[in-house]
Structure formats: structure tokens, C-alpha cells
Amino acid sequence: MTKKIFSRLLLVAFVFGYSANAEAQFWKKKKKEEPKKVAPKPKSKDGIEPYSKVVTKEHTTDEGLFKVHQKADTYLFEIPDSLLKREMLMVTRIAKTASGIGFGGGKTNTQVLRWEKKNKQILLRIVSHDVVADTILPVHEAVVNSNLEPILFSFPIKAFSKDSTATVIDATELFSSDVKPLGFPDFYRKAYQATRMDKDRSYIDRVSSYPENIEIRHVKTYFANKPPSNSALGSITLEMSNSMVLLPKVPMKRRYFDERVGWFARGQTDYGLVDQRSKTVRYLDRWRLEVKDEDVEKFNRGELVEPKKQIVYYVDRATPKEWVPFIKQGINDWQVAFEAAGFKNAIIAKDPPSKEEDPDWSPEDVRYSVVRYLASPIPNANGPHVSDPRSGEILESDINWYHNVMTLLHNWFFIQTAAINEDARGNNFKTEVMGRLIQFVSSHEVGHTLGLPHNMGSSVAYPVDSLRSSKFTDKYGTAPSIMDYARFNYIAQPEDKGVALMPNIGVYDKYSIAWGYRPILNKTAKEEKATLDAWIMKHAGDPMYRFGRQQRGVIDPSSQTEDLGDNAMKASMYGIKNLKRILPNLEKWTSEKGQNYDELSTMYDQLLGQFNRYMGHVAGNIGGIYEYYKTSDQEGNVYTHVAKDHQKEAVKFLNEQLFETPTWMLDKSIFGKTEFTGAIERIRSMQTRILNSALSVDRMGRMIENETLNGNDAYSVISLFSDLRQGVWSELYNGKSIDTYRRNLQKAHVERLGFLLNDADDARGRGELGSVSANQSDIKSIARGELKRIQRDAKNASNSGNTLRRYHLQDVVDRIDMILDPK
């Protein structure tokens, strides 16, 4: 090494050595004055922050349809770009309710939503499928221009995911604020005068994300002037549930609705049809049952095949073990109906996995349909479902099974069958007996989740006396459809050994499932119609295949709830005979050592309630009109009046069984053990209810129209008034004493006639099939004439009999005076 180079190395070493020392001295002097160096803060871009700043380690993340990030009371949605503009169904329910407001699980709203990116915002739009037109048609543009999708909520974009394939928003306010479509329904707000939400008593309980849905639970408290319970608080608190369900990318093929077959359906106004007007098309709610590609040939040969995807119902883990087999059997009972549709094992019941087997399994996951067991005093069960509004495809269903449905079943089975059935006696049934009743209700509720509504016109298909035959009922059950409200066989008498006591999956159920679910391959929804029509016409006119809708008020007496057989008078007479057998044994069959008489009181009320139903079934025939759905290529009318003789028989039955005091039900021994008063009032209210029903404005309006159109073939209002008068006021003509019950009934009759004359001026009877103005019809004229006639006859009879009879009839005369001349 040369001397020159060596000198340079010494110089470098000297310089570095000096610098290090100087730096040490510098920090020693400046340490307290200079801040530590930190990494520069990431800058936001147009208000959008970096992902790491928005979604932090303090957040917990639930992965599913969206990633949901939670920190304290804040919920962030991370929405994948692939789900922007995809349609989602928001189902809103009252999850937990205040006393007097519906029941937990009741659906209050459904809304199709779409998430959409617009500049620096995410918009949540409400999508309507009510009005449509095919996208290839020119009219589609007009439909779009007339149906701008409203914006439900807008969210500023907080961040983009690290790979820029998702957008993060703060969704908290959507559920913490009072967004009406997602919260307390407007009709409840009006009923209870709910003014505004109290934010201090409202909060989001949780948000859970699953692969195909997101579940939100939020508690809302509203100031209310008329709360249904806890009125001192001046508010209502309830828990709302929102289920946001991803709709299929490709909608299922529709099947168009026909009113001749009962089905839950939805409709659209389609402007793209060839009809020279807008038209509503309706299509069925049903599960997507499809034939596997490899099984098409087998299916075409008529062999049973398994569907691509089964309908599976899980039975809630919370269900008491003794009832699980019966609930499952009620589900599996429908397999026979799907066999009529060409499928085997199409529907099946399963146990859910245990927490150890699958800790993430949840009944809230839309992939699973569950019979949910609820520890609730509500004596009910219901079977709602969630379906795609574009196609009717049922996406999932959760049957709500309330614990106290067993109370309902016990009371029905006891009162309707105990006269002939030892197993129905007592306060608690054997496990296998209650289990069989649970199976029956399970089947009924599953039917709803498959798309079937109540078929109240089913049970009238069977002749009354056929229901006393063990051979007939063993083959056909007690009704052609389990979807009727045909409870248990109250017609069977003690000598009818081996007779069936309840319905099963019946002839109509198999037919309706086949009609709605059997695939018609290689045809469009419109092309299917000819085949569907042919299936209906094959059974046209056969009462076993008839559908009768559920009515708000009975107009069609052949489509009533809780009835059996083709003649209400005959069926009710058998029912009353059995009630007369039960009543003397009621105390013995309900008494338990050391217990009070609550059960006796309850079952006595149930007995009277059953008698009341029979009277209602009979009264429905007066002024009744049968409704049998038909199309224009079928012979006969859709609407026909109940025959004159049949209506007259109904009035005669009421006169004999109800208005002539039913003294058989006045059991002094029961009164002495269950109540200090009430016997007289109970009979009065029962008689008055049916009397007022028989003399309802809309019923008489139909009768007047029937007489006008059909003359002497009709049962007239004059005949109705005359027949009732002769029954209610028979003592005026036979001279007999008038007891307390009859005096009350006669006053009720005068009161009703007075209402028709003076208080029905502006009342219009609004039946489902029309209305009538009481003021401008013959109703007032006939009511006035009847009052005058009763007044005359009461005056003539008021001079005979005991003192109370005379006072009563004199009072009647004076009451009618005041009615005829209120001034």
C-alpha cells in the first residue's frame, strides 16, 4: 500500500470517528427538544380512507354474504363488487313483541333492495316487480321511465378493500334510526298513536352474516299515546328482525296461478302482453323442484325420481325430545303427495347438527328451513315462507311452533271426541295421543310452507253419515284436505266403532301438490297452461277436488271453518248429541285430587264454544251463496243461491236448538263450583250473537236480490222475519209463561229490529260479494212492519199470565213505541 493511499484511509477513519462522536454529543444536547420521527399519516383520497384505518384490529368480523365488521355500536358492511346491483329480499318481522301487538315471528313487510355505487356513495334502492314488461319490447322503456326506483338510504363510501374488490360503508344508521320500511309497521303506529322513536331506548342488538343472508336484530322504543300494555310508560318497546336474503341470479320458471286450485300466489302488472290493456298475471309460490338431467327418461316413463335438491326441514334443537318424532312424521307425511308429482324423497325431516358437529349452524341461516320451538304462552303454530317475488320460488321457511299449541289441541280433541274416545278424557293425554295431534298440526303447517292456503271448501265433500263409517274414514280420513279447518270427528257417535277421528294428507292435497309441482318438461310457463287446465278438467265437478277459499265473513256456507260434512244441520245435531254426553261427565273427566276447578271451568267454556260454532255453521246457510270457481269453457254458474228449503231448515234448527232455551247446558253443579254469576248472561249473549247475524244487513241484501231475480224459488226476507218471530215469540200465541232467558231474547229481537229501522241509515252491509244500502232497500220497511206486528201481538197477550209476564209485554209495547217514534 502506498503512503498516499494509507494517508487517505487515516483521513476517512478520522472523519467518521469524529462524526459519530459529534452525533452522540448532538443527541445528548437536543433529546428533550426534538420529537421522535414517526411514519407519515396516509392521506385520504376524496374523503375515502385507507382500509386499514377504517377496519382496524379493534373490529370483530363476521364473514358471510357481506363481511360485517363490528366495533362497539358501529357496524360496517363490506360489500363485494360482485353483489352490487344484485337483488336482495329484505323480510321484516316483529321478533319479540309487547303484549297486545301481534306475535313474535309475524311478518310485517317485504321489500326487494339493490345496492348500487354512485360516485362516492353507495345507494340502497327499493326495487319493484309489481309492474313489468319484457326487456326486448319497446314498452319496456316506458315501464322503466314510469317506475324510478326510490332510494331508501345513501351511505358515504368509507374505504375500499385491500384488493379493491369490495366497498366499505357504515350501515349503523340504517338500523339504529327509524327507517319505516324496516321497522314498526304504520298500521300499528296509527292504532297505538306512536309518535316518534326514542333513540335513548333503541339500539342494534346484533348483526349476523351467513353465506346467503344477513340477519339484523334491533330494539325499537316508540313514544305512544295508546300503548296496548304498560300504559303508564307511554311507550312501546319491541324487537324487530330484518332478514336480507340474496335472490337467485337466474329466477326459477314460473307456474301460473288458477283460482280453481288453492295456492299462495303473487302478481305483476305486465304491459308486455298482447292483450289490449294492462293485465295482472299471477304465479305460484313453490319450491324449486327439478328433475336431474340423468333422470329425465325415467321421469318421462312415469318412474319416481329424486329431485336435484330436496326440501329439507330441520327440527329445532330446543324441541322437547318426546315431540320430535311426531313433528318429523308430520313433515314426512307429505312424501306421498310429492309422489303424485313424480318425486320420491322430495321432502324430508332431519335433526340439526349438534353444536359440537357444527358450531356455526344456525336456524337463521337462509339455507336451512327449521321448525322452531318457541317457549311461548301463545296457543298456536304458523308456517310462513320467504319467496322470490320475480318467480315465486320459495327460498326458505321457518315454522313457528309455540309450546301452548298443545293446549289448543287438548281442548279441541277433548270437546270434539271425548264422547266416543276414552283417550280424549282428562287434563293430560298420553304421549302417543298428544304426539298424534302434534303430527296433525305439523302436517297442516308444512302444507302452508309448501304453498298451500286453507281449503275451507274441502270438508263439505263428504256426506255427513259417511263420517260415521270406519270403512269410509279409514280410506279417506275426515276431509279430502288437511288444509281445511276440519279438526276432529265430532259427528261420530258412540256406536261407530273404529271410525277415524282426524284428517290425513288427503285426495285434494295429493292433487294440488301434483298440479303445482309436477314438472312439465321442455315447455315455457305460458305453454304449460294447456296441460294444467287439462289436469283440472279431469276432476271438474268432483267435490273431493274442489277448492273453497277462507272467507272474512261467511257468504258461502260450504266453505266454513271448523265444520264437517255436507249438511250443517245434520252434522251439528250429531255434535250436540255428543256435547250432551260430555257435559254430565265433565267434572269427572277434569277433576284431579288436590286441584281446584279451573280445568272444569275451562272445558265448560270450550263446550259452549263448540255449541256456538255449530250455530254459526247453521246460520251461514241463511242468505248463503255457493261459490264454485269455473272458467268460461265449463258449464254452470260460479255463484248459486242456497236452496229455499235448505235455508228454511236452518232457521227451524236455530229456533229449536238455540232460541228455544238450551236448558241442557245449564248445569247447576258446574255453576256452583266454577262461578258466582254468569249463566243467564252467557245464554243471552250466545242467542243475541246468532240472532243479529241472521238479521245482518248484507245477508238480507242478498236475500232481497235472490227474491227479485228468482221469485218464489227464493227464501224471502219476509219469510225469514216471520219464521224467526214465530220461534222467538211463540209464547204470544201458545199462552205459555215466558222465562228469564226468553224475555232477554225477545228484548234482543226488538233491539235488533230497532237498529235496522233507526241506526242502519248510513250503514251499508259490505259482504265480499257486494253491498246493500239499508236506507234505500226494503229492510227498513220490513223491520217497521215486524215491530208493529210484535207490538200488536204483545199488547193483545199482555193481559194474561203472571205479573212478570205482563210487565215484560207492557215494556215491549212501550219500547217499540219509542223505536217507532224516537221523539
# chains A, B, ... in the order shown; residues from 1 in each chain; ligands from 1

$ residues_around --residues "Val219 (chain A)" --least-positions-apart "5" --cutoff "6 Å" --atoms "only C-alpha atoms" --output "JSON, numbers by chain"
{"A": [202, 203, 238, 239]}

$ select_by_dssp --residues "region 287-356 of chain A" --states "alpha helix (DSSP H)" --output "list in words"
Val296, Glu297, Lys298, Phe299, Asn300, Val324, Pro325, Phe326, Ile327, Lys328, Gln329, Gly330, Ile331, Asn332, Gln335, Val336, Ala337, Phe338, Glu339 and Ala340 of chain A

$ residues_around --residues "Ser669 (chain A)" --least-positions-apart "5" --cutoff "10 Å" --atoms "only C-alpha atoms" --output "ChimeraX atom specification"
/A:584,587,674

$ select_by_dssp --residues "region 327-442 of chain A" --states "strand (DSSP E)" --output "PyMOL selection string"
chain A and resi 347-350+369-374+381-382+386-387+394-396+398-402

$ residues_around --residues "region 798-802 of chain A" --least-positions-apart "3" --cutoff "12 Å" --atoms "only C-alpha atoms" --output "mmCIF file with N, CA and C atoms, in the first residue's frame"
data_model
loop_
_atom_site.group_PDB
_atom_site.id
_atom_site.type_symbol
_atom_site.label_atom_id
_atom_site.label_comp_id
_atom_site.auth_asym_id
_atom_site.auth_seq_id
_atom_site.Cartn_x
_atom_site.Cartn_y
_atom_site.Cartn_z
ATOM 1 N N GLU A 731 -144.570 -17.744 22.773
ATOM 2 C CA GLU A 731 -145.421 -17.627 23.964
ATOM 3 C C GLU A 731 -146.603 -16.674 23.753
ATOM 4 N N LEU A 732 -146.471 -15.767 22.772
ATOM 5 C CA LEU A 732 -147.580 -14.861 22.496
ATOM 6 C C LEU A 732 -148.769 -15.608 21.916
ATOM 7 N N TYR A 733 -148.449 -16.756 21.311
ATOM 8 C CA TYR A 733 -149.502 -17.483 20.595
ATOM 9 C C TYR A 733 -149.941 -18.758 21.305
ATOM 10 N N ASN A 734 -149.089 -19.291 22.202
ATOM 11 C CA ASN A 734 -149.487 -20.527 22.900
ATOM 12 C C ASN A 734 -149.837 -20.277 24.373
ATOM 13 N N GLY A 735 -149.690 -19.051 24.830
ATOM 14 C CA GLY A 735 -150.107 -18.706 26.178
ATOM 15 C C GLY A 735 -149.185 -19.172 27.280
ATOM 16 N N LYS A 736 -148.046 -19.752 26.950
ATOM 17 C CA LYS A 736 -147.138 -20.259 27.983
ATOM 18 C C LYS A 736 -146.422 -19.106 28.689
ATOM 19 N N SER A 737 -145.903 -19.417 29.883
ATOM 20 C CA SER A 737 -145.143 -18.404 30.618
ATOM 21 C C SER A 737 -143.835 -18.120 29.880
ATOM 22 N N ILE A 738 -143.298 -16.921 30.094
ATOM 23 C CA ILE A 738 -142.053 -16.511 29.425
ATOM 24 C C ILE A 738 -140.960 -16.439 30.485
ATOM 25 N N ASP A 739 -139.972 -17.341 30.389
ATOM 26 C CA ASP A 739 -138.942 -17.364 31.436
ATOM 27 C C ASP A 739 -137.882 -16.285 31.188
ATOM 28 N N ILE A 790 -145.310 -7.241 16.176
ATOM 29 C CA ILE A 790 -144.954 -7.737 17.512
ATOM 30 C C ILE A 790 -145.619 -6.881 18.576
ATOM 31 N N GLN A 791 -145.659 -5.559 18.358
ATOM 32 C CA GLN A 791 -146.309 -4.661 19.325
ATOM 33 C C GLN A 791 -147.787 -5.015 19.476
ATOM 34 N N ARG A 792 -148.451 -5.221 18.352
ATOM 35 C CA ARG A 792 -149.878 -5.574 18.397
ATOM 36 C C ARG A 792 -150.102 -6.884 19.147
ATOM 37 N N ASP A 793 -149.272 -7.928 18.786
ATOM 38 C CA ASP A 793 -149.459 -9.239 19.411
ATOM 39 C C ASP A 793 -149.088 -9.207 20.893
ATOM 40 N N ALA A 794 -148.054 -8.432 21.249
ATOM 41 C CA ALA A 794 -147.657 -8.322 22.666
ATOM 42 C C ALA A 794 -148.736 -7.607 23.471
ATOM 43 N N LYS A 795 -149.342 -6.576 22.883
ATOM 44 C CA LYS A 795 -150.413 -5.844 23.577
ATOM 45 C C LYS A 795 -151.609 -6.762 23.822
ATOM 46 N N ARG A 805 -144.747 -11.618 33.437
ATOM 47 C CA ARG A 805 -145.080 -11.738 32.002
ATOM 48 C C ARG A 805 -145.757 -10.454 31.529
ATOM 49 N N ARG A 806 -146.759 -9.956 32.323
ATOM 50 C CA ARG A 806 -147.486 -8.753 31.928
ATOM 51 C C ARG A 806 -146.545 -7.547 31.861
ATOM 52 N N TYR A 807 -145.706 -7.400 32.888
ATOM 53 C CA TYR A 807 -144.757 -6.283 32.887
ATOM 54 C C TYR A 807 -143.820 -6.343 31.675
ATOM 55 N N HIS A 808 -143.363 -7.538 31.385
ATOM 56 C CA HIS A 808 -142.439 -7.726 30.249
ATOM 57 C C HIS A 808 -143.108 -7.302 28.947
ATOM 58 N N LEU A 809 -144.336 -7.768 28.715
ATOM 59 C CA LEU A 809 -145.004 -7.474 27.451
ATOM 60 C C LEU A 809 -145.406 -6.006 27.369
ATOM 61 N N GLN A 810 -145.804 -5.424 28.510
ATOM 62 C CA GLN A 810 -146.101 -3.990 28.508
ATOM 63 C C GLN A 810 -144.833 -3.184 28.171
ATOM 64 N N ASP A 811 -143.707 -3.628 28.712
ATOM 65 C CA ASP A 811 -142.421 -2.971 28.431
ATOM 66 C C ASP A 811 -142.070 -3.081 26.949
ATOM 67 N N VAL A 812 -142.332 -4.253 26.377
ATOM 68 C CA VAL A 812 -142.060 -4.458 24.955
ATOM 69 C C VAL A 812 -142.888 -3.479 24.123
ATOM 70 N N VAL A 813 -144.168 -3.348 24.479
ATOM 71 C CA VAL A 813 -145.040 -2.416 23.749
ATOM 72 C C VAL A 813 -144.475 -1.000 23.812
ATOM 73 N N ASP A 814 -144.063 -0.565 25.004
ATOM 74 C CA ASP A 814 -143.523 0.788 25.173
ATOM 75 C C ASP A 814 -142.188 0.963 24.444
#

$ atom_distance --atom1 "CA of Ile622 (chain A)" --atom2 "CA of Pro480 (chain A)"
25.5 Å

$ closest_residue --among "A:Lys355, A:Arg689, A:Lys120, A:Lys53" --to "Lys162 (chain A)" --atoms "only C-alpha atoms"
A:Lys53

$ closest_residue --among "A:Leu284, A:Ala650, A:Val499, A:Met818" --to "Met252 (chain A)" --atoms "only C-alpha atoms"
A:Leu284
